[in-house]
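Heads up, the thing below is written out as structure tokens.
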Amino acid sequence: MHTLPTTLPDWLALLESRHAEVHINMGLDRVRAVKEAMGLKFDCPVIMVAGTNGKGSTCAMLESILLRAGYKVGLYIKPHFLDFNERARIGGDLATDGQLIDAFNAVEAKRGAIDLTYFEFTTLAIMHLLAASKLDVAILEVGLGGRLDAVNVVDADVAIVTSVDIDHTDFLGTTREEIGFEKAGIFRPGKAAICSDPVPPASLVAHAEAIGADLWLLGRDFNYAGDKQQWNYGGRSQRRNSLAYPSLRGANQLLNASAALAALEVLKLELPVGAQEVRTGLVVVELPGRFQVLPGRPTVILDVAHNPHAASALAQNLGNMGFHPYTYAVFGVMQDKDIAGVIAPMAQYVDHWCIAELPSPRSAHTDELTAIIDGLMPEDGKPGERSVTAFADPAKAFANAMSRAGENDRIVVFGSFYTVAGVMAARKSSSH
């Protein structure tokens with residue numbers, strides 16, 4: 001028996017080294033067996049959130065509103081930007097290293113001979129930590145898909161699917177119908193199943209009906225309407241009027257907010273929430289890296305958009321921002337993404353591309369990115385005013401953009417969590 005690590009970085013390093021040896025077997029049997037051995041169960045309502053885009057925002061809004069209402073809220077959200085602790089929040093605070101180490105030890109003590117991937121092990125540990133924290137409500141974000149995600153060994157009282165778009169095709173399928181079926185795997189018989197995608201795949205609707213889930217569809221069971229100043233939510237039996245727009249900026253945030261309010265409507269007897277708590281919760285919600293506009297000049301926008309659906313929303317948000325003489329993009333992306341589909345909606349807004357290799361073997365190479373960008377650059381008679389420059393990492397690309405941008409220009413950092421995290425880490429170290 002090896003002695004187990006006593007610090008969080010050492011634990012994570014151990015899990016990463018083990019992960020390299022575990023064959024990813026897509027079933028949930030191993031995770032379920034360890035969950036049973038641990039006696040892992042929640043004594044409070046569980047809200048589970050899946051979706052291609054918007055799941056982090058929906059989780060953050062739910063957490064913010066429920067905290068305002070005085071509830072003890074547990075949140076599992078992914079991935080992290082700077083510290084692993086960002087993945088687990090209890091009562092609005094990050095889990096401590098000590099809490100996480102104890103949780104890792106608890107999984108290790110019960111897994112026996114069962115091999116777990118890094119994601120499965122850490123998911124079980126964080127769910128164990130949350131379940132033991134005497135919560136009023138737990139919010140669990142699904143990593144990939146839904147049906148076979150490690151989070152799905154727990155039965156949710158309310159399951160939300162935010163959007164269904166094409167991403168992670170190697171695991172989930174290549175059509176919205178296939179992906180919709182995977183995401184619908186978090187639905188449970190007799191429990192609320194909320195979908196805020198305006199055009200839900202038929203496969204998702206059919207699966208919900210086949211298992212007898214209580215399906216809530218946008219436009220049928222709940223809806224929203226708004227003008228420039230405020231917006232309203234209407235559900236099956238509850239209306240919320242004169243709401244402020246969420247502080248999370250962007251085109252899809254009312255879809256995400258509506259899904260959050262539908263979940264609260266489902267749970268209104270167990271977790272009553274007043275109008276003022278909803279209003280305040282939406283105004284103060286924060287989520288790093290989702291159209292996050294940093295204070296200061298030049299304007300810097302961080303956005304983890306890494307699929308065409310998210311990139312289109314980002315482009316729309318840039319178009320709504322007002323005039324900036326030049327826009328710089330700090331961009332790096334994974335090889336397995338629809339790279340042209342991510343770049344295309346952004347091409348009309350970006351003058352200078354600062355492209356970067358990412359710290360991952362799956363990173364797309366900068367020469368490939370250059371070729372794709374060159375093919376998509378608009379022909380609008382701005383010779384010499386457009387450029388593509390390659391860098392070894394996001395921090396160097398960002399430093400270059402900062403050195404060239406005028407104070408009225410803007411810099412948009414996007415393409416991957418790694419791109420945004422690299423810039424966040426660089427800004428943090430330069431501010432000390």
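Identifiers in this document derive from the order of the structure tokens: chains are assigned A, B, ..., residues are numbered from 1 separately in each chain, and ligands are numbered from 1 in order of occurrence.
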
Check your understanding: Per DSSP on the backbone, what are the strand (DSSP E or B) residues of region 153-237 of chain A, as a list in words?
Key -> Val158, Ala159, Ile160, Val161, Ala192, Ala193, Ile194, Cys195, Asp214, Leu215, Trp216, Leu217, Leu218, Phe222, Asn223, Tyr224, Ala225, Gly226, Trp231, Asn232, Tyr233 and Gly234 of chain A

Point to revise | Long-range neighbours of Arg89 (chain A) as a ChimeraX atom specification, 7 Å cut-off, only C-alpha atoms, 4 positions minimum in chain | key: /A:74-76,93-95

**Study point:** Proximity to Gly54 (chain A) - best of A:Ala257, A:Ile211, A:Leu243, A:Leu369, only C-alpha atoms
**Key:** A:Ala257

Alpha helix (DSSP H) positions in region 200-416 of chain A, given as a PDB file with N, CA and C atoms, in the first residue's frame:
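Written out: result.pdb:
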```
ATOM      1  N   ALA A 202     -36.030  15.985 -31.580  1.00  0.00           N
ATOM      2  CA  ALA A 202     -37.135  15.035 -31.389  1.00  0.00           C
ATOM      3  C   ALA A 202     -36.706  13.876 -30.486  1.00  0.00           C
ATOM      4  N   SER A 203     -35.417  13.499 -30.563  1.00  0.00           N
ATOM      5  CA  SER A 203     -34.926  12.371 -29.762  1.00  0.00           C
ATOM      6  C   SER A 203     -35.030  12.681 -28.268  1.00  0.00           C
ATOM      7  N   LEU A 204     -34.776  13.930 -27.887  1.00  0.00           N
ATOM      8  CA  LEU A 204     -34.844  14.326 -26.473  1.00  0.00           C
ATOM      9  C   LEU A 204     -36.293  14.270 -25.988  1.00  0.00           C
ATOM     10  N   VAL A 205     -37.197  14.811 -26.792  1.00  0.00           N
ATOM     11  CA  VAL A 205     -38.620  14.806 -26.428  1.00  0.00           C
ATOM     12  C   VAL A 205     -39.133  13.368 -26.331  1.00  0.00           C
ATOM     13  N   ALA A 206     -38.755  12.539 -27.311  1.00  0.00           N
ATOM     14  CA  ALA A 206     -39.232  11.148 -27.345  1.00  0.00           C
ATOM     15  C   ALA A 206     -38.713  10.373 -26.130  1.00  0.00           C
ATOM     16  N   HIS A 207     -37.443  10.603 -25.760  1.00  0.00           N
ATOM     17  CA  HIS A 207     -36.882   9.876 -24.618  1.00  0.00           C
ATOM     18  C   HIS A 207     -37.586  10.293 -23.326  1.00  0.00           C
ATOM     19  N   ALA A 208     -37.818  11.592 -23.162  1.00  0.00           N
ATOM     20  CA  ALA A 208     -38.506  12.074 -21.960  1.00  0.00           C
ATOM     21  C   ALA A 208     -39.880  11.431 -21.852  1.00  0.00           C
ATOM     22  N   GLU A 209     -40.590  11.350 -22.980  1.00  0.00           N
ATOM     23  CA  GLU A 209     -41.934  10.778 -22.965  1.00  0.00           C
ATOM     24  C   GLU A 209     -41.883   9.271 -22.733  1.00  0.00           C
ATOM     25  N   ALA A 210     -40.888   8.616 -23.335  1.00  0.00           N
ATOM     26  CA  ALA A 210     -40.786   7.154 -23.200  1.00  0.00           C
ATOM     27  C   ALA A 210     -40.562   6.732 -21.745  1.00  0.00           C
ATOM     28  N   ILE A 211     -39.780   7.517 -20.993  1.00  0.00           N
ATOM     29  CA  ILE A 211     -39.496   7.115 -19.602  1.00  0.00           C
ATOM     30  C   ILE A 211     -40.491   7.730 -18.620  1.00  0.00           C
ATOM     31  N   GLN A 253     -28.615  34.618 -22.659  1.00  0.00           N
ATOM     32  CA  GLN A 253     -28.757  34.524 -21.207  1.00  0.00           C
ATOM     33  C   GLN A 253     -30.198  34.466 -20.728  1.00  0.00           C
ATOM     34  N   LEU A 254     -31.152  34.996 -21.508  1.00  0.00           N
ATOM     35  CA  LEU A 254     -32.548  34.863 -21.057  1.00  0.00           C
ATOM     36  C   LEU A 254     -33.048  33.428 -21.208  1.00  0.00           C
ATOM     37  N   LEU A 255     -32.514  32.695 -22.186  1.00  0.00           N
ATOM     38  CA  LEU A 255     -32.848  31.259 -22.282  1.00  0.00           C
ATOM     39  C   LEU A 255     -32.365  30.547 -21.021  1.00  0.00           C
ATOM     40  N   ASN A 256     -31.112  30.835 -20.626  1.00  0.00           N
ATOM     41  CA  ASN A 256     -30.540  30.180 -19.447  1.00  0.00           C
ATOM     42  C   ASN A 256     -31.266  30.600 -18.178  1.00  0.00           C
ATOM     43  N   ALA A 257     -31.577  31.898 -18.060  1.00  0.00           N
ATOM     44  CA  ALA A 257     -32.279  32.394 -16.870  1.00  0.00           C
ATOM     45  C   ALA A 257     -33.671  31.782 -16.781  1.00  0.00           C
ATOM     46  N   SER A 258     -34.336  31.623 -17.919  1.00  0.00           N
ATOM     47  CA  SER A 258     -35.683  31.037 -17.924  1.00  0.00           C
ATOM     48  C   SER A 258     -35.653  29.585 -17.454  1.00  0.00           C
ATOM     49  N   ALA A 259     -34.625  28.847 -17.887  1.00  0.00           N
ATOM     50  CA  ALA A 259     -34.490  27.460 -17.432  1.00  0.00           C
ATOM     51  C   ALA A 259     -34.280  27.421 -15.923  1.00  0.00           C
ATOM     52  N   ALA A 260     -33.460  28.346 -15.401  1.00  0.00           N
ATOM     53  CA  ALA A 260     -33.220  28.410 -13.955  1.00  0.00           C
ATOM     54  C   ALA A 260     -34.526  28.700 -13.215  1.00  0.00           C
ATOM     55  N   LEU A 261     -35.318  29.640 -13.737  1.00  0.00           N
ATOM     56  CA  LEU A 261     -36.574  29.987 -13.058  1.00  0.00           C
ATOM     57  C   LEU A 261     -37.595  28.860 -13.173  1.00  0.00           C
ATOM     58  N   ALA A 262     -37.563  28.104 -14.269  1.00  0.00           N
ATOM     59  CA  ALA A 262     -38.453  26.941 -14.378  1.00  0.00           C
ATOM     60  C   ALA A 262     -38.083  25.899 -13.310  1.00  0.00           C
ATOM     61  N   ALA A 263     -36.774  25.697 -13.089  1.00  0.00           N
ATOM     62  CA  ALA A 263     -36.342  24.748 -12.058  1.00  0.00           C
ATOM     63  C   ALA A 263     -36.817  25.210 -10.674  1.00  0.00           C
ATOM     64  N   LEU A 264     -36.739  26.519 -10.424  1.00  0.00           N
ATOM     65  CA  LEU A 264     -37.198  27.038  -9.130  1.00  0.00           C
ATOM     66  C   LEU A 264     -38.713  26.917  -8.999  1.00  0.00           C
ATOM     67  N   GLU A 265     -39.418  27.037 -10.132  1.00  0.00           N
ATOM     68  CA  GLU A 265     -40.874  26.841 -10.090  1.00  0.00           C
ATOM     69  C   GLU A 265     -41.199  25.390  -9.711  1.00  0.00           C
ATOM     70  N   VAL A 266     -40.450  24.443 -10.280  1.00  0.00           N
ATOM     71  CA  VAL A 266     -40.666  23.024  -9.950  1.00  0.00           C
ATOM     72  C   VAL A 266     -40.468  22.791  -8.451  1.00  0.00           C
ATOM     73  N   ALA A 275     -39.562  37.262  -4.988  1.00  0.00           N
ATOM     74  CA  ALA A 275     -39.275  38.055  -6.187  1.00  0.00           C
ATOM     75  C   ALA A 275     -37.967  38.830  -6.045  1.00  0.00           C
ATOM     76  N   GLN A 276     -37.735  39.395  -4.867  1.00  0.00           N
ATOM     77  CA  GLN A 276     -36.548  40.226  -4.697  1.00  0.00           C
ATOM     78  C   GLN A 276     -35.264  39.392  -4.779  1.00  0.00           C
ATOM     79  N   GLU A 277     -35.331  38.152  -4.251  1.00  0.00           N
ATOM     80  CA  GLU A 277     -34.154  37.279  -4.313  1.00  0.00           C
ATOM     81  C   GLU A 277     -33.817  36.903  -5.761  1.00  0.00           C
ATOM     82  N   VAL A 278     -34.869  36.698  -6.563  1.00  0.00           N
ATOM     83  CA  VAL A 278     -34.640  36.410  -7.983  1.00  0.00           C
ATOM     84  C   VAL A 278     -33.995  37.615  -8.650  1.00  0.00           C
ATOM     85  N   ARG A 279     -34.548  38.801  -8.402  1.00  0.00           N
ATOM     86  CA  ARG A 279     -34.006  40.007  -9.049  1.00  0.00           C
ATOM     87  C   ARG A 279     -32.546  40.213  -8.671  1.00  0.00           C
ATOM     88  N   THR A 280     -32.271  40.170  -7.362  1.00  0.00           N
ATOM     89  CA  THR A 280     -30.900  40.418  -6.907  1.00  0.00           C
ATOM     90  C   THR A 280     -29.960  39.328  -7.400  1.00  0.00           C
ATOM     91  N   GLY A 281     -30.415  38.080  -7.312  1.00  0.00           N
ATOM     92  CA  GLY A 281     -29.574  36.963  -7.743  1.00  0.00           C
ATOM     93  C   GLY A 281     -29.118  37.107  -9.188  1.00  0.00           C
ATOM     94  N   LEU A 282     -30.028  37.550 -10.068  1.00  0.00           N
ATOM     95  CA  LEU A 282     -29.671  37.717 -11.482  1.00  0.00           C
ATOM     96  C   LEU A 282     -28.714  38.886 -11.678  1.00  0.00           C
ATOM     97  N   VAL A 283     -28.848  39.923 -10.867  1.00  0.00           N
ATOM     98  CA  VAL A 283     -28.015  41.122 -11.039  1.00  0.00           C
ATOM     99  C   VAL A 283     -26.581  40.868 -10.579  1.00  0.00           C
ATOM    100  N   VAL A 284     -26.405  40.053  -9.530  1.00  0.00           N
ATOM    101  CA  VAL A 284     -25.057  39.902  -8.964  1.00  0.00           C
ATOM    102  C   VAL A 284     -24.329  38.648  -9.447  1.00  0.00           C
ATOM    103  N   PRO A 308     -19.142  26.326 -32.957  1.00  0.00           N
ATOM    104  CA  PRO A 308     -19.747  27.350 -33.815  1.00  0.00           C
ATOM    105  C   PRO A 308     -20.930  28.076 -33.166  1.00  0.00           C
ATOM    106  N   HIS A 309     -21.733  27.338 -32.405  1.00  0.00           N
ATOM    107  CA  HIS A 309     -22.906  27.923 -31.753  1.00  0.00           C
ATOM    108  C   HIS A 309     -22.470  29.026 -30.781  1.00  0.00           C
ATOM    109  N   ALA A 310     -21.459  28.731 -29.962  1.00  0.00           N
ATOM    110  CA  ALA A 310     -20.967  29.715 -28.991  1.00  0.00           C
ATOM    111  C   ALA A 310     -20.249  30.869 -29.688  1.00  0.00           C
ATOM    112  N   ALA A 311     -19.497  30.559 -30.755  1.00  0.00           N
ATOM    113  CA  ALA A 311     -18.779  31.619 -31.476  1.00  0.00           C
ATOM    114  C   ALA A 311     -19.754  32.584 -32.145  1.00  0.00           C
ATOM    115  N   SER A 312     -20.880  32.064 -32.648  1.00  0.00           N
ATOM    116  CA  SER A 312     -21.897  32.946 -33.249  1.00  0.00           C
ATOM    117  C   SER A 312     -22.478  33.878 -32.201  1.00  0.00           C
ATOM    118  N   ALA A 313     -22.740  33.348 -30.998  1.00  0.00           N
ATOM    119  CA  ALA A 313     -23.260  34.188 -29.914  1.00  0.00           C
ATOM    120  C   ALA A 313     -22.223  35.244 -29.525  1.00  0.00           C
ATOM    121  N   LEU A 314     -20.946  34.859 -29.466  1.00  0.00           N
ATOM    122  CA  LEU A 314     -19.882  35.809 -29.141  1.00  0.00           C
ATOM    123  C   LEU A 314     -19.816  36.914 -30.193  1.00  0.00           C
ATOM    124  N   ALA A 315     -19.879  36.527 -31.474  1.00  0.00           N
ATOM    125  CA  ALA A 315     -19.822  37.519 -32.555  1.00  0.00           C
ATOM    126  C   ALA A 315     -20.991  38.498 -32.448  1.00  0.00           C
ATOM    127  N   GLN A 316     -22.172  37.976 -32.155  1.00  0.00           N
ATOM    128  CA  GLN A 316     -23.357  38.817 -31.992  1.00  0.00           C
ATOM    129  C   GLN A 316     -23.139  39.805 -30.835  1.00  0.00           C
ATOM    130  N   ASN A 317     -22.569  39.323 -29.730  1.00  0.00           N
ATOM    131  CA  ASN A 317     -22.306  40.198 -28.586  1.00  0.00           C
ATOM    132  C   ASN A 317     -21.282  41.274 -28.929  1.00  0.00           C
ATOM    133  N   LEU A 318     -20.248  40.906 -29.707  1.00  0.00           N
ATOM    134  CA  LEU A 318     -19.257  41.909 -30.132  1.00  0.00           C
ATOM    135  C   LEU A 318     -19.921  42.970 -31.006  1.00  0.00           C
ATOM    136  N   GLY A 319     -20.825  42.514 -31.884  1.00  0.00           N
ATOM    137  CA  GLY A 319     -21.531  43.447 -32.771  1.00  0.00           C
ATOM    138  C   GLY A 319     -22.397  44.440 -32.016  1.00  0.00           C
ATOM    139  N   ILE A 339     -13.009  23.977 -36.484  1.00  0.00           N
ATOM    140  CA  ILE A 339     -12.226  25.214 -36.354  1.00  0.00           C
ATOM    141  C   ILE A 339     -12.741  26.302 -37.297  1.00  0.00           C
ATOM    142  N   ALA A 340     -13.003  25.935 -38.545  1.00  0.00           N
ATOM    143  CA  ALA A 340     -13.520  26.939 -39.488  1.00  0.00           C
ATOM    144  C   ALA A 340     -14.878  27.469 -39.015  1.00  0.00           C
ATOM    145  N   GLY A 341     -15.691  26.578 -38.439  1.00  0.00           N
ATOM    146  CA  GLY A 341     -17.003  26.987 -37.932  1.00  0.00           C
ATOM    147  C   GLY A 341     -16.917  27.938 -36.752  1.00  0.00           C
ATOM    148  N   VAL A 342     -15.817  27.850 -35.979  1.00  0.00           N
ATOM    149  CA  VAL A 342     -15.612  28.762 -34.847  1.00  0.00           C
ATOM    150  C   VAL A 342     -15.084  30.110 -35.342  1.00  0.00           C
ATOM    151  N   ILE A 343     -14.180  30.069 -36.349  1.00  0.00           N
ATOM    152  CA  ILE A 343     -13.557  31.300 -36.843  1.00  0.00           C
ATOM    153  C   ILE A 343     -14.510  32.107 -37.718  1.00  0.00           C
ATOM    154  N   ALA A 344     -15.331  31.422 -38.533  1.00  0.00           N
ATOM    155  CA  ALA A 344     -16.135  32.107 -39.549  1.00  0.00           C
ATOM    156  C   ALA A 344     -16.998  33.251 -38.994  1.00  0.00           C
ATOM    157  N   PRO A 345     -17.801  33.030 -37.914  1.00  0.00           N
ATOM    158  CA  PRO A 345     -18.641  34.144 -37.457  1.00  0.00           C
ATOM    159  C   PRO A 345     -17.828  35.307 -36.883  1.00  0.00           C
ATOM    160  N   MET A 346     -16.581  35.047 -36.475  1.00  0.00           N
ATOM    161  CA  MET A 346     -15.743  36.073 -35.853  1.00  0.00           C
ATOM    162  C   MET A 346     -14.927  36.861 -36.883  1.00  0.00           C
ATOM    163  N   ALA A 347     -14.790  36.307 -38.101  1.00  0.00           N
ATOM    164  CA  ALA A 347     -13.850  36.882 -39.070  1.00  0.00           C
ATOM    165  C   ALA A 347     -14.163  38.343 -39.399  1.00  0.00           C
ATOM    166  N   THR A 366      -0.557  26.309 -35.052  1.00  0.00           N
ATOM    167  CA  THR A 366      -0.791  27.677 -35.514  1.00  0.00           C
ATOM    168  C   THR A 366      -0.716  27.785 -37.041  1.00  0.00           C
ATOM    169  N   ASP A 367       0.094  26.926 -37.695  1.00  0.00           N
ATOM    170  CA  ASP A 367       0.137  27.034 -39.160  1.00  0.00           C
ATOM    171  C   ASP A 367      -1.204  26.653 -39.771  1.00  0.00           C
ATOM    172  N   GLU A 368      -1.866  25.671 -39.169  1.00  0.00           N
ATOM    173  CA  GLU A 368      -3.206  25.287 -39.651  1.00  0.00           C
ATOM    174  C   GLU A 368      -4.208  26.422 -39.412  1.00  0.00           C
ATOM    175  N   LEU A 369      -4.133  27.043 -38.220  1.00  0.00           N
ATOM    176  CA  LEU A 369      -5.043  28.158 -37.910  1.00  0.00           C
ATOM    177  C   LEU A 369      -4.826  29.308 -38.885  1.00  0.00           C
ATOM    178  N   THR A 370      -3.554  29.607 -39.182  1.00  0.00           N
ATOM    179  CA  THR A 370      -3.246  30.710 -40.105  1.00  0.00           C
ATOM    180  C   THR A 370      -3.904  30.467 -41.460  1.00  0.00           C
ATOM    181  N   ALA A 371      -3.789  29.242 -41.956  1.00  0.00           N
ATOM    182  CA  ALA A 371      -4.363  28.924 -43.270  1.00  0.00           C
ATOM    183  C   ALA A 371      -5.878  29.111 -43.268  1.00  0.00           C
ATOM    184  N   ILE A 372      -6.537  28.664 -42.183  1.00  0.00           N
ATOM    185  CA  ILE A 372      -8.003  28.784 -42.120  1.00  0.00           C
ATOM    186  C   ILE A 372      -8.424  30.249 -42.018  1.00  0.00           C
ATOM    187  N   ILE A 373      -7.711  31.013 -41.178  1.00  0.00           N
ATOM    188  CA  ILE A 373      -8.062  32.433 -41.014  1.00  0.00           C
ATOM    189  C   ILE A 373      -7.848  33.183 -42.325  1.00  0.00           C
ATOM    190  N   ASP A 374      -6.718  32.919 -43.008  1.00  0.00           N
ATOM    191  CA  ASP A 374      -6.455  33.589 -44.289  1.00  0.00           C
ATOM    192  C   ASP A 374      -7.592  33.339 -45.275  1.00  0.00           C
ATOM    193  N   GLY A 375      -8.125  32.128 -45.259  1.00  0.00           N
ATOM    194  CA  GLY A 375      -9.205  31.801 -46.186  1.00  0.00           C
ATOM    195  C   GLY A 375     -10.528  32.461 -45.835  1.00  0.00           C
ATOM    196  N   LEU A 376     -10.687  32.886 -44.581  1.00  0.00           N
ATOM    197  CA  LEU A 376     -11.981  33.441 -44.136  1.00  0.00           C
ATOM    198  C   LEU A 376     -11.951  34.961 -43.942  1.00  0.00           C
ATOM    199  N   PRO A 394      -0.842  31.207 -25.046  1.00  0.00           N
ATOM    200  CA  PRO A 394      -1.808  32.308 -24.951  1.00  0.00           C
ATOM    201  C   PRO A 394      -1.245  33.540 -24.234  1.00  0.00           C
ATOM    202  N   ALA A 395      -0.394  33.352 -23.220  1.00  0.00           N
ATOM    203  CA  ALA A 395       0.146  34.501 -22.487  1.00  0.00           C
ATOM    204  C   ALA A 395       0.967  35.400 -23.414  1.00  0.00           C
ATOM    205  N   LYS A 396       1.795  34.788 -24.277  1.00  0.00           N
ATOM    206  CA  LYS A 396       2.607  35.583 -25.208  1.00  0.00           C
ATOM    207  C   LYS A 396       1.720  36.272 -26.247  1.00  0.00           C
ATOM    208  N   ALA A 397       0.692  35.565 -26.720  1.00  0.00           N
ATOM    209  CA  ALA A 397      -0.229  36.160 -27.696  1.00  0.00           C
ATOM    210  C   ALA A 397      -0.944  37.371 -27.082  1.00  0.00           C
ATOM    211  N   PHE A 398      -1.361  37.218 -25.826  1.00  0.00           N
ATOM    212  CA  PHE A 398      -2.061  38.307 -25.142  1.00  0.00           C
ATOM    213  C   PHE A 398      -1.125  39.493 -24.905  1.00  0.00           C
ATOM    214  N   ALA A 399       0.125  39.221 -24.494  1.00  0.00           N
ATOM    215  CA  ALA A 399       1.092  40.300 -24.268  1.00  0.00           C
ATOM    216  C   ALA A 399       1.299  41.095 -25.558  1.00  0.00           C
ATOM    217  N   ASN A 400       1.359  40.378 -26.678  1.00  0.00           N
ATOM    218  CA  ASN A 400       1.540  41.057 -27.956  1.00  0.00           C
ATOM    219  C   ASN A 400       0.327  41.934 -28.294  1.00  0.00           C
ATOM    220  N   ALA A 401      -0.883  41.383 -28.095  1.00  0.00           N
ATOM    221  CA  ALA A 401      -2.096  42.163 -28.374  1.00  0.00           C
ATOM    222  C   ALA A 401      -2.137  43.416 -27.495  1.00  0.00           C
ATOM    223  N   MET A 402      -1.800  43.261 -26.220  1.00  0.00           N
ATOM    224  CA  MET A 402      -1.803  44.404 -25.300  1.00  0.00           C
ATOM    225  C   MET A 402      -0.793  45.469 -25.736  1.00  0.00           C
ATOM    226  N   SER A 403       0.352  45.028 -26.285  1.00  0.00           N
ATOM    227  CA  SER A 403       1.388  45.994 -26.660  1.00  0.00           C
ATOM    228  C   SER A 403       0.999  46.768 -27.921  1.00  0.00           C
ATOM    229  N   ARG A 404       0.136  46.188 -28.749  1.00  0.00           N
ATOM    230  CA  ARG A 404      -0.234  46.830 -30.024  1.00  0.00           C
ATOM    231  C   ARG A 404      -1.551  47.580 -29.961  1.00  0.00           C
TER     232      ARG A 404
END
```

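Of the listed residues (A:Phe42, A:Trp216, A:Tyr326, A:Phe291), A:Phe291 comes nearest to Ser247 (chain A); the distances count only C-alpha atoms.
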
**Study point:** Spatial neighbours of Ala125 (chain A), 8 Å, only C-alpha atoms, chain gap at least 3 places, as a PyMOL selection string
**Key:** chain A and resi 100+103-104+106-107+121-122+128-129

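Our summary of the geometry notes that CA of Leu248 (chain A) is positioned 15.3 Å from CA of Gln229 (chain A).
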
Practice item. Measuring atom to atom with only C-alpha atoms, identify which of A:Leu218, A:Leu66, A:Ala33, A:Ala390 is nearest to Ile355 (chain A). Key: A:Ala390

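The gap separating CA of Thr419 (chain A) from CA of Phe81 (chain A) is 9.9 Å, in Å to one decimal.
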
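One finds CA of Ile101 (chain A) at 19.7 Å from CA of Leu135 (chain A).
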
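Nearest-residue note for Asp10 (chain A): choosing from A:Asp97, A:Val137, A:Val330, A:Leu358, the minimum distance belongs to A:Asp97, counting only C-alpha atoms.
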